[in-house]
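K.L.:
So I've got this file, entry34.txt, and it contains compact mmCIF, C-alpha atoms:
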# COMPACT_ATOMS: atom_id res chain seq x y z
CA GLY A 1303 -50.58 4.59 -73.52
CA GLY A 1304 -50.62 1.65 -71.25
CA TYR A 1305 -47.08 0.40 -71.88
CA ARG A 1306 -44.26 0.81 -69.37
CA SER A 1307 -40.82 1.87 -70.54
CA ILE A 1308 -37.92 -0.55 -70.26
CA LEU A 1309 -36.21 1.88 -67.86
CA ASP A 1310 -39.31 1.94 -65.66
CA ILE A 1311 -39.39 -1.86 -65.55
CA GLU A 1312 -35.64 -2.09 -64.86
CA ARG A 1313 -35.89 0.45 -62.04
CA SER A 1314 -38.83 -1.40 -60.48
CA ALA A 1315 -36.96 -4.71 -60.78
CA ALA A 1316 -33.93 -3.21 -59.01
CA GLU A 1317 -36.13 -1.91 -56.19
CA ALA A 1318 -37.84 -5.30 -55.88
CA GLU A 1319 -34.43 -6.96 -55.51
CA ARG A 1320 -33.45 -4.69 -52.60
CA LEU A 1321 -36.91 -4.56 -51.01
CA PRO A 1322 -38.45 -8.05 -50.85
CA ALA A 1323 -41.76 -6.43 -49.93
CA LYS A 1324 -41.90 -4.85 -53.39
CA GLN A 1325 -41.31 -8.13 -55.20
CA ALA A 1326 -44.96 -9.12 -54.92
CA GLY A 1327 -46.13 -5.89 -56.53
CA PHE A 1328 -43.50 -6.16 -59.26
CA LEU A 1329 -44.38 -9.75 -60.14
CA ASN A 1330 -48.08 -8.94 -60.19
CA LEU A 1331 -47.85 -5.66 -62.11
CA PHE A 1332 -45.20 -6.45 -64.70
CA LEU A 1333 -45.29 -10.24 -64.98
CA ASN A 1334 -48.97 -10.80 -64.19
CA ARG A 1335 -48.16 -13.49 -61.63
CA ARG A 1336 -50.37 -14.23 -58.65
CA VAL A 1337 -48.43 -13.64 -55.45
CA ALA A 1338 -48.82 -13.97 -51.70
CA LEU A 1339 -50.01 -10.82 -49.94
CA GLU A 1340 -47.29 -10.99 -47.28
CA SER A 1341 -43.50 -11.03 -47.47
CA LEU A 1342 -40.30 -10.17 -45.62
CA TRP A 1343 -39.90 -6.40 -45.75
CA LEU A 1344 -36.20 -5.58 -46.22
CA ALA A 1345 -33.13 -7.25 -47.70
CA PRO A 1346 -30.12 -7.15 -45.30
CA SER A 1347 -28.01 -5.32 -47.89
CA ILE A 1348 -30.23 -2.22 -48.09
CA TRP A 1349 -30.33 -1.96 -44.30
CA LYS A 1350 -26.53 -2.16 -44.04
CA GLU A 1351 -26.16 0.54 -46.70
CA ASN A 1352 -27.85 2.98 -44.27
CA ALA A 1353 -25.94 2.02 -41.12
CA GLY A 1354 -24.03 5.29 -40.72
CA LYS A 1355 -23.70 6.67 -37.21
CA PRO A 1356 -26.20 9.42 -36.29
CA ASP A 1357 -24.75 12.84 -35.47
CA LEU A 1358 -26.06 14.42 -32.26
CA SER A 1359 -25.31 17.92 -33.56
CA VAL A 1360 -27.95 17.44 -36.29
CA PHE A 1361 -30.59 16.96 -33.59
CA GLN A 1362 -29.30 19.92 -31.61
CA ALA A 1363 -29.35 22.21 -34.63
CA ASN A 1364 -32.67 21.16 -36.15
CA GLY A 1365 -34.83 19.64 -33.42
CA ALA A 1366 -36.32 16.16 -33.61
CA HIS A 1367 -39.53 14.34 -34.43
CA ILE A 1368 -40.34 11.34 -32.26
CA GLY A 1369 -42.10 8.14 -33.28
CA LEU A 1370 -43.67 6.46 -30.26
CA ASP A 1371 -44.79 2.82 -30.16
CA LEU A 1372 -46.19 1.95 -26.75
CA SER A 1373 -46.35 -1.68 -25.66
CA MET A 1374 -48.12 -3.67 -23.03
CA ARG A 1375 -46.57 -2.61 -19.77
CA ASN A 1376 -44.44 -5.75 -19.47
CA ASP A 1377 -43.08 -5.67 -23.02
CA LEU A 1378 -40.91 -3.42 -25.23
CA THR A 1379 -41.80 0.25 -25.75
CA ALA A 1380 -39.87 2.23 -28.36
CA ALA A 1381 -39.31 5.95 -28.96
CA VAL A 1382 -37.23 6.93 -31.99
CA LEU A 1383 -35.92 10.46 -32.61
CA ALA A 1384 -35.45 11.60 -36.22
CA ALA A 1385 -33.68 14.72 -37.52
CA ARG A 1386 -32.57 15.80 -40.99
CA ASP A 1387 -29.19 17.31 -41.85
CA GLY A 1388 -28.25 19.79 -44.58
CA ASP A 1389 -27.66 16.99 -47.10
CA ASP A 1390 -31.23 15.71 -46.70
CA VAL A 1391 -30.06 12.66 -44.74
CA VAL A 1392 -32.24 11.61 -41.80
CA HIS A 1393 -30.51 10.56 -38.57
CA LEU A 1394 -32.16 8.24 -36.04
CA ILE A 1395 -31.62 7.90 -32.29
CA PRO A 1396 -33.74 5.09 -30.78
CA TYR A 1397 -34.71 4.47 -27.17
CA ALA A 1398 -36.28 1.22 -26.00
CA PHE A 1399 -37.72 0.38 -22.59
CA THR A 1400 -38.66 -2.91 -20.94
CA PRO A 1401 -39.25 -3.57 -17.22
CA LEU A 1402 -36.40 -5.10 -15.24
CA GLY A 1403 -38.75 -7.56 -13.52
CA GLY A 1404 -39.02 -10.78 -15.52
CA ILE A 1405 -36.41 -9.71 -18.05
CA ASP A 1406 -34.54 -13.04 -17.96
CA GLU A 1407 -37.78 -14.90 -18.67
CA ARG A 1408 -38.57 -12.59 -21.61
CA THR A 1409 -35.01 -13.04 -22.87
CA ARG A 1410 -35.61 -16.82 -23.03
CA ARG A 1411 -39.17 -16.50 -24.40
CA ASP A 1412 -38.39 -14.05 -27.20
CA LYS A 1413 -34.85 -15.35 -27.85
CA VAL A 1414 -33.72 -11.73 -27.74
CA PRO A 1415 -30.76 -10.75 -25.49
CA TYR A 1416 -32.64 -8.11 -23.47
CA SER A 1417 -30.55 -8.79 -20.35
CA GLN A 1418 -27.28 -8.27 -22.22
CA TRP A 1419 -28.67 -5.20 -23.97
CA VAL A 1420 -29.52 -3.65 -20.61
CA ARG A 1421 -26.00 -4.34 -19.34
CA ASP A 1422 -24.58 -2.80 -22.53
CA GLY A 1423 -26.79 0.30 -22.28
CA ILE A 1424 -28.63 -0.51 -25.52
CA ILE A 1425 -32.07 -0.58 -23.91
CA VAL A 1426 -33.33 0.87 -20.64
CA ALA A 1427 -34.90 -1.32 -17.95
CA PRO A 1428 -36.77 0.65 -15.27
CA PRO A 1429 -37.25 -1.16 -11.95
CA GLY A 1430 -40.44 -3.16 -11.37
CA ASP A 1431 -42.55 -5.69 -13.23
CA VAL A 1432 -44.42 -3.16 -15.40
CA LEU A 1433 -43.41 -0.03 -17.27
CA SER A 1434 -44.30 3.31 -15.74
CA TYR A 1435 -45.20 5.88 -18.39
CA ASP A 1436 -44.25 8.61 -15.90
CA TRP A 1437 -40.78 7.05 -15.69
CA ILE A 1438 -40.44 6.90 -19.50
CA ALA A 1439 -41.71 10.48 -19.99
CA GLU A 1440 -39.27 11.76 -17.37
CA TYR A 1441 -36.39 9.79 -18.89
CA LEU A 1442 -37.05 11.15 -22.38
CA ARG A 1443 -37.49 14.69 -21.04
CA MET A 1444 -34.13 14.54 -19.27
CA GLU A 1445 -32.35 12.96 -22.26
CA CYS A 1446 -33.59 15.71 -24.57
CA GLU A 1447 -32.75 18.39 -22.02
CA ILE A 1448 -29.23 17.10 -21.38
CA ASN A 1449 -28.56 16.68 -25.11
CA GLU A 1450 -30.17 20.07 -25.91
CA ILE A 1451 -32.71 18.63 -28.37
CA ASP A 1452 -36.00 20.42 -29.05
CA ILE A 1453 -38.91 18.06 -29.70
CA LEU A 1454 -40.99 19.24 -32.67
CA SER A 1455 -43.59 16.48 -32.80
CA ILE A 1456 -44.68 13.20 -31.23
CA ASN A 1457 -46.12 10.75 -33.77
CA PHE A 1458 -47.99 7.92 -32.12
CA ASP A 1459 -50.30 4.96 -32.37
CA ARG A 1460 -53.41 5.69 -30.29
CA TRP A 1461 -53.05 2.53 -28.16
CA ARG A 1462 -52.59 3.60 -24.49
CA ILE A 1463 -51.70 7.11 -25.63
CA ASN A 1464 -54.05 8.83 -23.17
CA ASP A 1465 -52.07 7.30 -20.30
CA PHE A 1466 -48.80 8.50 -21.82
CA LEU A 1467 -50.22 11.97 -22.55
CA ALA A 1468 -51.21 12.33 -18.90
CA ALA A 1469 -47.76 11.17 -17.79
CA SER A 1470 -46.09 13.63 -20.18
CA GLU A 1471 -48.16 16.49 -18.77
CA ARG A 1472 -47.18 15.53 -15.24
CA LYS A 1473 -43.48 15.39 -16.18
CA GLY A 1474 -43.43 18.37 -18.55
CA PHE A 1475 -42.32 16.28 -21.53
CA ALA A 1476 -42.84 17.62 -25.08
CA GLN A 1477 -45.48 20.11 -24.00
CA GLU A 1478 -44.58 22.48 -26.86
CA ALA A 1479 -44.56 19.73 -29.49
CA GLU A 1480 -47.30 18.74 -31.93
CA TRP A 1481 -48.93 15.42 -31.03
CA ASN A 1482 -49.97 13.56 -34.17
CA GLU A 1483 -51.98 10.35 -34.18
CA VAL A 1484 -50.90 7.87 -36.86
CA GLY A 1485 -53.55 5.34 -37.83
CA GLN A 1486 -52.06 1.86 -38.07
CA GLY A 1487 -54.36 0.72 -40.88
CA TYR A 1488 -53.34 0.75 -44.53
CA LEU A 1489 -54.53 4.33 -45.03
CA GLY A 1490 -52.38 5.77 -42.26
CA ILE A 1491 -49.24 3.68 -42.40
CA SER A 1492 -48.76 2.83 -46.10
CA PRO A 1493 -47.47 6.32 -47.11
CA ARG A 1494 -45.03 6.16 -44.20
CA VAL A 1495 -43.74 2.73 -45.20
CA GLU A 1496 -43.28 4.05 -48.75
CA GLU A 1497 -41.37 7.13 -47.54
CA PHE A 1498 -39.10 5.03 -45.31
CA GLU A 1499 -38.35 2.73 -48.24
CA THR A 1500 -37.53 5.70 -50.47
CA MET A 1501 -35.02 7.00 -47.94
CA LEU A 1502 -33.41 3.56 -47.70
CA LEU A 1503 -33.19 3.21 -51.49
CA GLN A 1504 -31.60 6.67 -51.74
CA ARG A 1505 -29.22 5.93 -48.83
CA ARG A 1506 -30.65 8.88 -46.91
CA LEU A 1507 -30.94 7.22 -43.48
CA ARG A 1508 -28.37 6.86 -40.70
CA HIS A 1509 -29.66 4.34 -38.18
CA GLY A 1510 -26.34 3.54 -36.53
CA SER A 1511 -27.01 -0.22 -36.70
CA HIS A 1512 -28.82 -0.02 -33.38
CA PRO A 1513 -29.65 -3.59 -32.26
CA VAL A 1514 -33.34 -2.85 -31.60
CA LEU A 1515 -33.72 -1.41 -35.11
CA ASN A 1516 -31.64 -4.23 -36.59
CA LEU A 1517 -33.94 -6.78 -34.95
CA GLY A 1518 -37.04 -5.21 -36.46
CA ALA A 1519 -35.50 -4.66 -39.88
CA ALA A 1520 -34.43 -8.31 -40.09
CA SER A 1521 -37.79 -9.78 -39.12
CA ALA A 1522 -40.53 -7.34 -40.19
CA ILE A 1523 -43.25 -8.84 -42.37
CA VAL A 1524 -45.20 -6.53 -44.65
CA ILE A 1525 -48.72 -7.30 -45.84
CA SER A 1526 -50.60 -5.78 -48.77
CA ASP A 1527 -54.21 -5.06 -49.62
CA PRO A 1528 -55.59 -5.57 -53.15
CA ALA A 1529 -54.63 -1.96 -54.04
CA ASN A 1530 -51.01 -2.72 -53.03
CA ASN A 1531 -51.13 -0.48 -49.96
CA ARG A 1532 -48.75 -1.96 -47.41
CA LYS A 1533 -48.24 -2.08 -43.67
CA LEU A 1534 -46.07 -4.00 -41.23
CA ASP A 1535 -47.73 -6.86 -39.37
CA LYS A 1536 -46.57 -7.36 -35.78
CA ALA A 1537 -48.41 -10.67 -35.41
CA LYS A 1538 -46.74 -12.24 -38.47
CA SER A 1539 -43.26 -10.79 -37.86
CA SER A 1540 -40.89 -13.28 -36.26
CA GLN A 1541 -39.45 -10.81 -33.72
CA LYS A 1542 -40.15 -7.48 -32.06
CA ILE A 1543 -40.61 -4.69 -34.63
CA ASP A 1544 -41.62 -1.90 -32.22
CA GLY A 1545 -38.44 0.06 -32.95
CA ILE A 1546 -38.97 -0.03 -36.71
CA VAL A 1547 -42.63 0.98 -36.39
CA ALA A 1548 -41.56 3.94 -34.24
CA ALA A 1549 -38.84 4.86 -36.78
CA ILE A 1550 -41.33 4.83 -39.66
CA MET A 1551 -43.60 7.22 -37.75
CA ALA A 1552 -40.69 9.47 -36.74
CA VAL A 1553 -39.30 9.89 -40.26
CA TYR A 1554 -42.48 10.85 -42.11
CA PRO A 1555 -42.80 14.48 -40.87
CA LEU A 1556 -39.38 15.14 -42.45
CA SER A 1557 -40.60 14.09 -45.91
CA GLY A 1558 -42.54 17.29 -46.57
CA ASN A 1559 -45.57 15.24 -47.56
CA GLU A 1560 -49.06 16.39 -46.74
CA GLU A 1561 -50.90 14.36 -44.15
CA PRO A 1562 -53.03 11.75 -45.94
CA PHE A 1563 -56.77 12.12 -45.48
CA SER A 1564 -57.80 9.67 -42.76
CA VAL A 1565 -61.29 8.25 -42.65
CA GLU A 1566 -60.33 6.55 -39.39
CA ALA A 1567 -59.56 9.94 -37.83
CA MET A 1568 -62.84 11.37 -39.08
CA ILE A 1569 -64.82 8.50 -37.60
CA GLY A 1570 -62.80 8.60 -34.40
As structure tokens - that is how I would like this structure written.

P.N.:
Amino acid sequence: GGYRSILDIERSAAEAERLPAKQAGFLNLFLNRRVALESLWLAPSIWKENAGKPDLSVFQANGAHIGLDLSMRNDLTAAVLAARDGDDVVHLIPYAFTPLGGIDERTRRDKVPYSQWVRDGIIVAPPGDVLSYDWIAEYLRMECEINEIDILSINFDRWRINDFLAASERKGFAQEAEWNEVGQGYLGISPRVEEFETMLLQRRLRHGSHPVLNLGAASAIVISDPANNRKLDKAKSSQKIDGIVAAIMAVYPLSGNEEPFSVEAMIG
């Protein structure tokens, strides 16, 4: 009938402890308590449990799926590569780009050490005041070529994607890959959030503790609809979460799940 087993409740309680975003659903479903529809997404402990270093040979042997989160041209753009090894662990290699012009001002504004990250080789700062998508496409093409990584798919938010598609054609980047639009509404992103959480809970991610991913993981806010579908909210998150959004999109093709039916895609 309608009763949950004790084991089911205990398992859900354990997940809610490690994933703050699931606490609201747990309190509402099992304890019948009214809860806020937004919360911090991840507990620091679950993120640290998945901080293993990615192995380049996994990408070389299996190819990679890319999650792409384009920004305004004077902000942070993220591309995250994901590949799965023989033990069903998913490895992540992130790239982040921000223009060199105005970087000190953005460092002060966002309270994020972009300038230091550029000096340390953590993020890439092309010259100029705005990002050139041609420059990014060429950089990613060369990185994948040098590292001998085949790109299987690009998974993207539609914002500014036509500009990046044109740049990729000009630079010959990922021309053999599938290009998959990922709707950023609840319907498109909720299954991807769920899959990413499952991998974290099962310790099946290796994110290498990359600072851009750490920043997003520590500050991402998740919001829920009445049906408990969830998505990350950039406006409510305290810091930049572009890297995490890109990672969520990159990982999903490795789950083996069918693409969810998208009304948004049908409407266009």

K.L.:
Any idea what's packed within 12 Å of Asp1412 (chain A), counting all atoms listed in the file, ignoring anything in its chain fewer than 4 positions away? Could you give it as a PyMOL selection string?

P.N.:
chain A and resi 1377-1378+1405-1408+1416-1417+1517+1540-1542

K.L.:
Would you export the selected residues with C-alpha atoms as a compact mmCIF listing (two decimals), keeping the file's coordinate frame, please?

P.N.:
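Contents of again.txt, freshly written:
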# COMPACT_ATOMS: atom_id res chain seq x y z
CA ASP A 1377 -43.08 -5.67 -23.02
CA LEU A 1378 -40.91 -3.42 -25.23
CA ILE A 1405 -36.41 -9.71 -18.05
CA ASP A 1406 -34.54 -13.04 -17.96
CA GLU A 1407 -37.78 -14.90 -18.67
CA ARG A 1408 -38.57 -12.59 -21.61
CA TYR A 1416 -32.64 -8.11 -23.47
CA SER A 1417 -30.55 -8.79 -20.35
CA LEU A 1517 -33.94 -6.78 -34.95
CA SER A 1540 -40.89 -13.28 -36.26
CA GLN A 1541 -39.45 -10.81 -33.72
CA LYS A 1542 -40.15 -7.48 -32.06

K.L.:
With all atoms listed in the file as the basis for distance, which of A:Asp1465, A:Glu1351, A:Asp1459, A:Glu1471 is at the shortest distance from Gly1485 (chain A)?

P.N.:
A:Asp1459

K.L.:
Would you mind listing what lies within 10 Å of region 1449-1455 of chain A as a tab-separated table (two decimals) with C-alpha atoms, in the frame of the given file, with only C-alpha atoms counted and same-chain residues fewer than 4 positions away left out?

P.N.:
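Wrote result.tsv, looks like this:
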chain	number	residue	atom	x	y	z
A	1358	LEU	CA	-26.06	14.42	-32.26
A	1359	SER	CA	-25.31	17.92	-33.56
A	1360	VAL	CA	-27.95	17.44	-36.29
A	1361	PHE	CA	-30.59	16.96	-33.59
A	1362	GLN	CA	-29.30	19.92	-31.61
A	1363	ALA	CA	-29.35	22.21	-34.63
A	1364	ASN	CA	-32.67	21.16	-36.15
A	1365	GLY	CA	-34.83	19.64	-33.42
A	1366	ALA	CA	-36.32	16.16	-33.61
A	1367	HIS	CA	-39.53	14.34	-34.43
A	1368	ILE	CA	-40.34	11.34	-32.26
A	1369	GLY	CA	-42.10	8.14	-33.28
A	1383	LEU	CA	-35.92	10.46	-32.61
A	1384	ALA	CA	-35.45	11.60	-36.22
A	1385	ALA	CA	-33.68	14.72	-37.52
A	1443	ARG	CA	-37.49	14.69	-21.04
A	1444	MET	CA	-34.13	14.54	-19.27
A	1445	GLU	CA	-32.35	12.96	-22.26
A	1475	PHE	CA	-42.32	16.28	-21.53
A	1476	ALA	CA	-42.84	17.62	-25.08
A	1477	GLN	CA	-45.48	20.11	-24.00
A	1478	GLU	CA	-44.58	22.48	-26.86
A	1479	ALA	CA	-44.56	19.73	-29.49
A	1480	GLU	CA	-47.30	18.74	-31.93
A	1481	TRP	CA	-48.93	15.42	-31.03
A	1482	ASN	CA	-49.97	13.56	-34.17
A	1552	ALA	CA	-40.69	9.47	-36.74
A	1555	PRO	CA	-42.80	14.48	-40.87

K.L.:
Hey, which of A:Ala1398, A:Val1495, A:Val1414, A:Ala1381 ends up closest to Asn1531 (chain A)? Count all atoms listed in the file.

P.N.:
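When distances to Asn1531 (chain A) are compared using all atoms listed in the file, the smallest one comes from A:Val1495.
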
K.L.:
Quick one: residues within 10 Å of Lys1473 (chain A), all atoms listed in the file counted, chain neighbours fewer than 6 positions away excluded, as a count of residues only?

P.N.:
11

K.L.:
For Leu1433 (chain A), which residue out of A:Ala1537, A:Val1524, A:Met1374, A:Ala1468 is the nearest one, using only C-alpha atoms?

P.N.:
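Using only C-alpha atoms, Leu1433 (chain A) sits closest to A:Met1374.
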
K.L.:
Using all atoms listed in the file, find the one residue out of A:Ile1546, A:Val1553, A:Leu1534, A:Leu1507 that sits nearest to Asp1389 (chain A).

P.N.:
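Comparing A:Ile1546, A:Val1553, A:Leu1534, A:Leu1507 against Asp1389 (chain A), the winner is A:Leu1507.
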
K.L.:
Can you rebuild region 1486-1513 of chain A with N, CA and C atoms and give it as a short mmCIF file (atom, residue, chain, number, x, y, z; two decimals), keeping the file's coordinate frame?

P.N.:
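part06.cif, freshly written:
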data_model
loop_
_atom_site.label_atom_id
_atom_site.label_comp_id
_atom_site.auth_asym_id
_atom_site.auth_seq_id
_atom_site.Cartn_x
_atom_site.Cartn_y
_atom_site.Cartn_z
N GLN A 1486 -52.90 3.01 -37.73
CA GLN A 1486 -52.06 1.86 -38.07
C GLN A 1486 -52.66 0.99 -39.17
N GLY A 1487 -53.80 1.42 -39.72
CA GLY A 1487 -54.36 0.72 -40.88
C GLY A 1487 -53.61 1.08 -42.15
N TYR A 1488 -54.03 0.50 -43.26
CA TYR A 1488 -53.34 0.75 -44.53
C TYR A 1488 -53.31 2.23 -44.87
N LEU A 1489 -54.42 2.92 -44.63
CA LEU A 1489 -54.53 4.33 -45.03
C LEU A 1489 -53.49 5.19 -44.33
N GLY A 1490 -53.30 4.94 -43.02
CA GLY A 1490 -52.38 5.77 -42.26
C GLY A 1490 -50.92 5.39 -42.43
N ILE A 1491 -50.64 4.09 -42.49
CA ILE A 1491 -49.24 3.68 -42.40
C ILE A 1491 -48.59 3.44 -43.76
N SER A 1492 -49.36 3.15 -44.80
CA SER A 1492 -48.76 2.83 -46.10
C SER A 1492 -47.90 3.97 -46.66
N PRO A 1493 -48.34 5.24 -46.61
CA PRO A 1493 -47.47 6.32 -47.11
C PRO A 1493 -46.17 6.43 -46.32
N ARG A 1494 -46.22 6.08 -45.04
CA ARG A 1494 -45.03 6.16 -44.20
C ARG A 1494 -44.06 5.03 -44.52
N VAL A 1495 -44.59 3.84 -44.76
CA VAL A 1495 -43.74 2.73 -45.20
C VAL A 1495 -43.05 3.10 -46.52
N GLU A 1496 -43.82 3.66 -47.44
CA GLU A 1496 -43.28 4.05 -48.75
C GLU A 1496 -42.17 5.10 -48.60
N GLU A 1497 -42.37 6.08 -47.74
CA GLU A 1497 -41.37 7.13 -47.54
C GLU A 1497 -40.10 6.56 -46.93
N PHE A 1498 -40.25 5.66 -45.95
CA PHE A 1498 -39.10 5.03 -45.31
C PHE A 1498 -38.30 4.23 -46.34
N GLU A 1499 -39.01 3.50 -47.19
CA GLU A 1499 -38.35 2.73 -48.24
C GLU A 1499 -37.59 3.63 -49.20
N THR A 1500 -38.19 4.75 -49.56
CA THR A 1500 -37.53 5.70 -50.47
C THR A 1500 -36.23 6.20 -49.88
N MET A 1501 -36.24 6.53 -48.59
CA MET A 1501 -35.02 7.00 -47.94
C MET A 1501 -33.95 5.91 -47.93
N LEU A 1502 -34.36 4.66 -47.67
CA LEU A 1502 -33.41 3.56 -47.70
C LEU A 1502 -32.81 3.38 -49.10
N LEU A 1503 -33.66 3.39 -50.11
CA LEU A 1503 -33.19 3.21 -51.49
C LEU A 1503 -32.22 4.31 -51.91
N GLN A 1504 -32.45 5.53 -51.40
CA GLN A 1504 -31.60 6.67 -51.74
C GLN A 1504 -30.43 6.84 -50.77
N ARG A 1505 -30.28 5.89 -49.85
CA ARG A 1505 -29.22 5.93 -48.83
C ARG A 1505 -29.27 7.24 -48.04
N ARG A 1506 -30.47 7.62 -47.63
CA ARG A 1506 -30.65 8.88 -46.91
C ARG A 1506 -31.03 8.67 -45.45
N LEU A 1507 -30.71 7.48 -44.90
CA LEU A 1507 -30.94 7.22 -43.48
C LEU A 1507 -29.61 6.89 -42.80
N ARG A 1508 -29.52 7.27 -41.52
CA ARG A 1508 -28.37 6.86 -40.70
C ARG A 1508 -28.94 6.31 -39.40
N HIS A 1509 -29.04 4.97 -39.35
CA HIS A 1509 -29.66 4.34 -38.18
C HIS A 1509 -28.66 3.81 -37.17
N GLY A 1510 -27.36 3.90 -37.50
CA GLY A 1510 -26.34 3.54 -36.53
C GLY A 1510 -26.27 2.06 -36.20
N SER A 1511 -26.98 1.23 -36.95
CA SER A 1511 -27.01 -0.22 -36.70
C SER A 1511 -27.40 -0.54 -35.26
N HIS A 1512 -28.35 0.22 -34.75
CA HIS A 1512 -28.82 -0.02 -33.38
C HIS A 1512 -29.48 -1.39 -33.31
N PRO A 1513 -29.13 -2.22 -32.30
CA PRO A 1513 -29.65 -3.59 -32.26
C PRO A 1513 -31.17 -3.70 -32.26
#
